[in-house]
Amino acid sequence: MGLLDGLLAQVTENVDVKNLAAKVGLTPEQVESAITALGQAHAAPTDTVATAAETTGLPTDILQQIVGHIGGEGALAQFATLLDGPLGTAGKGVLGELEGLAANFFGKK
């Protein structure tokens, strides 16, 4: 959760995964999954919340609450950019960097 908390701190103030989980009645792991799904779904041509609901299995009303707590669509757009945008020298964003680290760790690269 530390990485996700760090990214959230870049787009909104006073939001951390543990506190947000308590506010919406989910586990921190569920909130982490929801925020990641929302960030990924934001770039899709479909409805962000509906797409994240399909991915996570969480109700849309809970996901709407999460979007509100992290600062709305504007903050979600910034978060999506951090997930997919340039990072380090690879220019693949956080998800790309994590994928590369996992590939190296498991000898797939």
# chains A, B, ... in the order shown; residues from 1 in each chain; ligands from 1
>>> residues_around(residues="A:Ser33", least_positions_apart="3", cutoff="12 Å", atoms="only C-alpha atoms", output="number ranges by chain")
A: 1, 4, 17, 21, 26-30, 36-41, 52-53, 55-58, 63, 66
>>> write_last_selection(atoms="all heavy atoms", output="short mmCIF file (atom, residue, chain, number, x, y, z; two decimals), in the first residue's frame")
data_model
loop_
_atom_site.label_atom_id
_atom_site.label_comp_id
_atom_site.auth_asym_id
_atom_site.auth_seq_id
_atom_site.Cartn_x
_atom_site.Cartn_y
_atom_site.Cartn_z
N MET A 1 0.80 -1.19 0.00
CA MET A 1 0.00 0.00 0.00
C MET A 1 0.85 1.26 0.00
O MET A 1 0.37 2.31 -0.35
CB MET A 1 -0.94 0.00 1.18
CG MET A 1 -2.15 -0.88 0.98
SD MET A 1 -3.25 -0.87 2.38
CE MET A 1 -2.29 -1.82 3.55
N LEU A 4 0.97 2.88 -3.50
CA LEU A 4 -0.31 3.49 -3.85
C LEU A 4 -0.56 4.74 -3.02
O LEU A 4 -1.02 5.76 -3.53
CB LEU A 4 -1.45 2.49 -3.67
CG LEU A 4 -2.81 2.92 -4.20
CD1 LEU A 4 -2.74 3.27 -5.68
CD2 LEU A 4 -3.83 1.84 -3.96
N VAL A 17 -4.90 4.82 1.88
CA VAL A 17 -5.70 3.63 1.60
C VAL A 17 -6.39 3.10 2.86
O VAL A 17 -7.58 2.77 2.82
CB VAL A 17 -4.82 2.54 0.94
CG1 VAL A 17 -5.58 1.24 0.80
CG2 VAL A 17 -4.34 3.02 -0.42
N ALA A 21 -10.37 2.97 3.24
CA ALA A 21 -11.03 1.67 3.41
C ALA A 21 -12.01 1.70 4.58
O ALA A 21 -13.15 1.20 4.47
CB ALA A 21 -9.98 0.58 3.63
N LEU A 26 -14.53 -1.22 3.30
CA LEU A 26 -13.81 -2.27 2.58
C LEU A 26 -12.47 -2.52 3.27
O LEU A 26 -12.05 -1.76 4.13
CB LEU A 26 -13.55 -1.85 1.13
CG LEU A 26 -14.75 -1.59 0.23
CD1 LEU A 26 -14.29 -1.05 -1.11
CD2 LEU A 26 -15.57 -2.86 0.05
N THR A 27 -11.79 -3.57 2.86
CA THR A 27 -10.44 -3.81 3.34
C THR A 27 -9.48 -2.91 2.56
O THR A 27 -9.80 -2.49 1.43
CB THR A 27 -10.00 -5.28 3.13
OG1 THR A 27 -9.90 -5.53 1.73
CG2 THR A 27 -10.98 -6.25 3.78
N PRO A 28 -8.32 -2.61 3.12
CA PRO A 28 -7.35 -1.82 2.36
C PRO A 28 -6.98 -2.48 1.03
O PRO A 28 -6.78 -1.78 0.04
CB PRO A 28 -6.14 -1.75 3.31
CG PRO A 28 -6.75 -1.85 4.68
CD PRO A 28 -7.89 -2.82 4.51
N GLU A 29 -6.93 -3.79 1.01
CA GLU A 29 -6.60 -4.50 -0.24
C GLU A 29 -7.68 -4.28 -1.29
O GLU A 29 -7.37 -4.11 -2.48
CB GLU A 29 -6.40 -6.00 0.03
CG GLU A 29 -5.17 -6.33 0.87
CD GLU A 29 -5.36 -6.06 2.37
OE1 GLU A 29 -6.53 -5.95 2.84
OE2 GLU A 29 -4.34 -5.93 3.07
N GLN A 30 -8.95 -4.28 -0.88
CA GLN A 30 -10.04 -4.04 -1.82
C GLN A 30 -9.98 -2.61 -2.35
O GLN A 30 -10.21 -2.38 -3.54
CB GLN A 30 -11.39 -4.28 -1.15
CG GLN A 30 -11.70 -5.74 -0.90
CD GLN A 30 -12.98 -5.91 -0.09
OE1 GLN A 30 -13.14 -5.30 0.97
NE2 GLN A 30 -13.89 -6.73 -0.60
N THR A 36 -6.74 1.12 -8.32
CA THR A 36 -5.97 0.71 -9.49
C THR A 36 -6.89 0.47 -10.67
O THR A 36 -6.62 0.93 -11.79
CB THR A 36 -5.13 -0.54 -9.18
OG1 THR A 36 -4.26 -0.24 -8.08
CG2 THR A 36 -4.31 -0.97 -10.38
N ALA A 37 -8.00 -0.24 -10.45
CA ALA A 37 -8.97 -0.50 -11.52
C ALA A 37 -9.58 0.79 -12.05
O ALA A 37 -9.76 0.95 -13.26
CB ALA A 37 -10.05 -1.45 -11.02
N LEU A 38 -9.89 1.73 -11.15
CA LEU A 38 -10.43 3.02 -11.58
C LEU A 38 -9.42 3.78 -12.43
O LEU A 38 -9.76 4.38 -13.44
CB LEU A 38 -10.84 3.85 -10.36
CG LEU A 38 -12.12 3.42 -9.66
CD1 LEU A 38 -12.19 4.04 -8.26
CD2 LEU A 38 -13.35 3.80 -10.47
N GLY A 39 -8.16 3.77 -12.00
CA GLY A 39 -7.11 4.44 -12.77
C GLY A 39 -6.94 3.85 -14.15
O GLY A 39 -6.79 4.57 -15.14
N GLN A 40 -6.98 2.54 -14.23
CA GLN A 40 -6.83 1.87 -15.52
C GLN A 40 -8.07 2.09 -16.39
O GLN A 40 -7.96 2.29 -17.60
CB GLN A 40 -6.59 0.38 -15.32
CG GLN A 40 -5.25 0.08 -14.71
CD GLN A 40 -5.09 -1.38 -14.29
OE1 GLN A 40 -6.07 -2.05 -14.00
NE2 GLN A 40 -3.86 -1.84 -14.26
N ALA A 41 -9.25 2.06 -15.79
CA ALA A 41 -10.50 2.21 -16.54
C ALA A 41 -10.71 3.64 -17.01
O ALA A 41 -11.45 3.87 -17.97
CB ALA A 41 -11.68 1.77 -15.67
N ALA A 52 -14.59 -0.37 -13.88
CA ALA A 52 -13.89 -0.79 -12.66
C ALA A 52 -14.74 -1.77 -11.86
O ALA A 52 -14.21 -2.70 -11.25
CB ALA A 52 -13.52 0.42 -11.82
N ALA A 53 -16.06 -1.58 -11.86
CA ALA A 53 -16.95 -2.50 -11.15
C ALA A 53 -16.88 -3.90 -11.75
O ALA A 53 -16.87 -4.90 -11.04
CB ALA A 53 -18.39 -1.97 -11.17
N THR A 55 -14.34 -5.14 -13.33
CA THR A 55 -13.01 -5.68 -13.04
C THR A 55 -12.88 -6.17 -11.61
O THR A 55 -12.31 -7.22 -11.36
CB THR A 55 -11.94 -4.59 -13.30
OG1 THR A 55 -12.05 -4.14 -14.63
CG2 THR A 55 -10.54 -5.12 -13.06
N THR A 56 -13.43 -5.39 -10.67
CA THR A 56 -13.23 -5.69 -9.25
C THR A 56 -14.36 -6.49 -8.61
O THR A 56 -14.18 -7.10 -7.57
CB THR A 56 -13.07 -4.40 -8.43
OG1 THR A 56 -14.28 -3.63 -8.54
CG2 THR A 56 -11.88 -3.59 -8.89
N GLY A 57 -15.55 -6.40 -9.20
CA GLY A 57 -16.72 -7.03 -8.59
C GLY A 57 -17.32 -6.18 -7.47
O GLY A 57 -18.25 -6.62 -6.79
N LEU A 58 -16.82 -4.97 -7.29
CA LEU A 58 -17.34 -4.07 -6.26
C LEU A 58 -18.53 -3.29 -6.82
O LEU A 58 -18.58 -3.00 -8.01
CB LEU A 58 -16.26 -3.10 -5.80
CG LEU A 58 -15.08 -3.72 -5.06
CD1 LEU A 58 -13.97 -2.69 -4.86
CD2 LEU A 58 -15.53 -4.28 -3.73
N LEU A 63 -17.64 2.38 -5.52
CA LEU A 63 -16.59 2.94 -6.37
C LEU A 63 -16.79 4.45 -6.56
O LEU A 63 -15.82 5.20 -6.59
CB LEU A 63 -16.56 2.22 -7.72
CG LEU A 63 -16.08 0.76 -7.64
CD1 LEU A 63 -16.30 0.05 -8.96
CD2 LEU A 63 -14.63 0.69 -7.23
N ILE A 66 -15.40 6.12 -3.58
CA ILE A 66 -13.94 6.15 -3.63
C ILE A 66 -13.47 7.28 -4.54
O ILE A 66 -12.57 8.04 -4.19
CB ILE A 66 -13.37 4.78 -4.08
CG1 ILE A 66 -13.62 3.74 -2.97
CG2 ILE A 66 -11.88 4.89 -4.42
CD1 ILE A 66 -13.31 2.31 -3.37
#
>>> atom_distance(atom1="atom CA of A:Asp61", atom2="atom CA of A:Asp47")
13.5 Å
>>> atom_distance(atom1="atom CA of A:Pro45", atom2="atom CA of A:Thr81")
15.4 Å
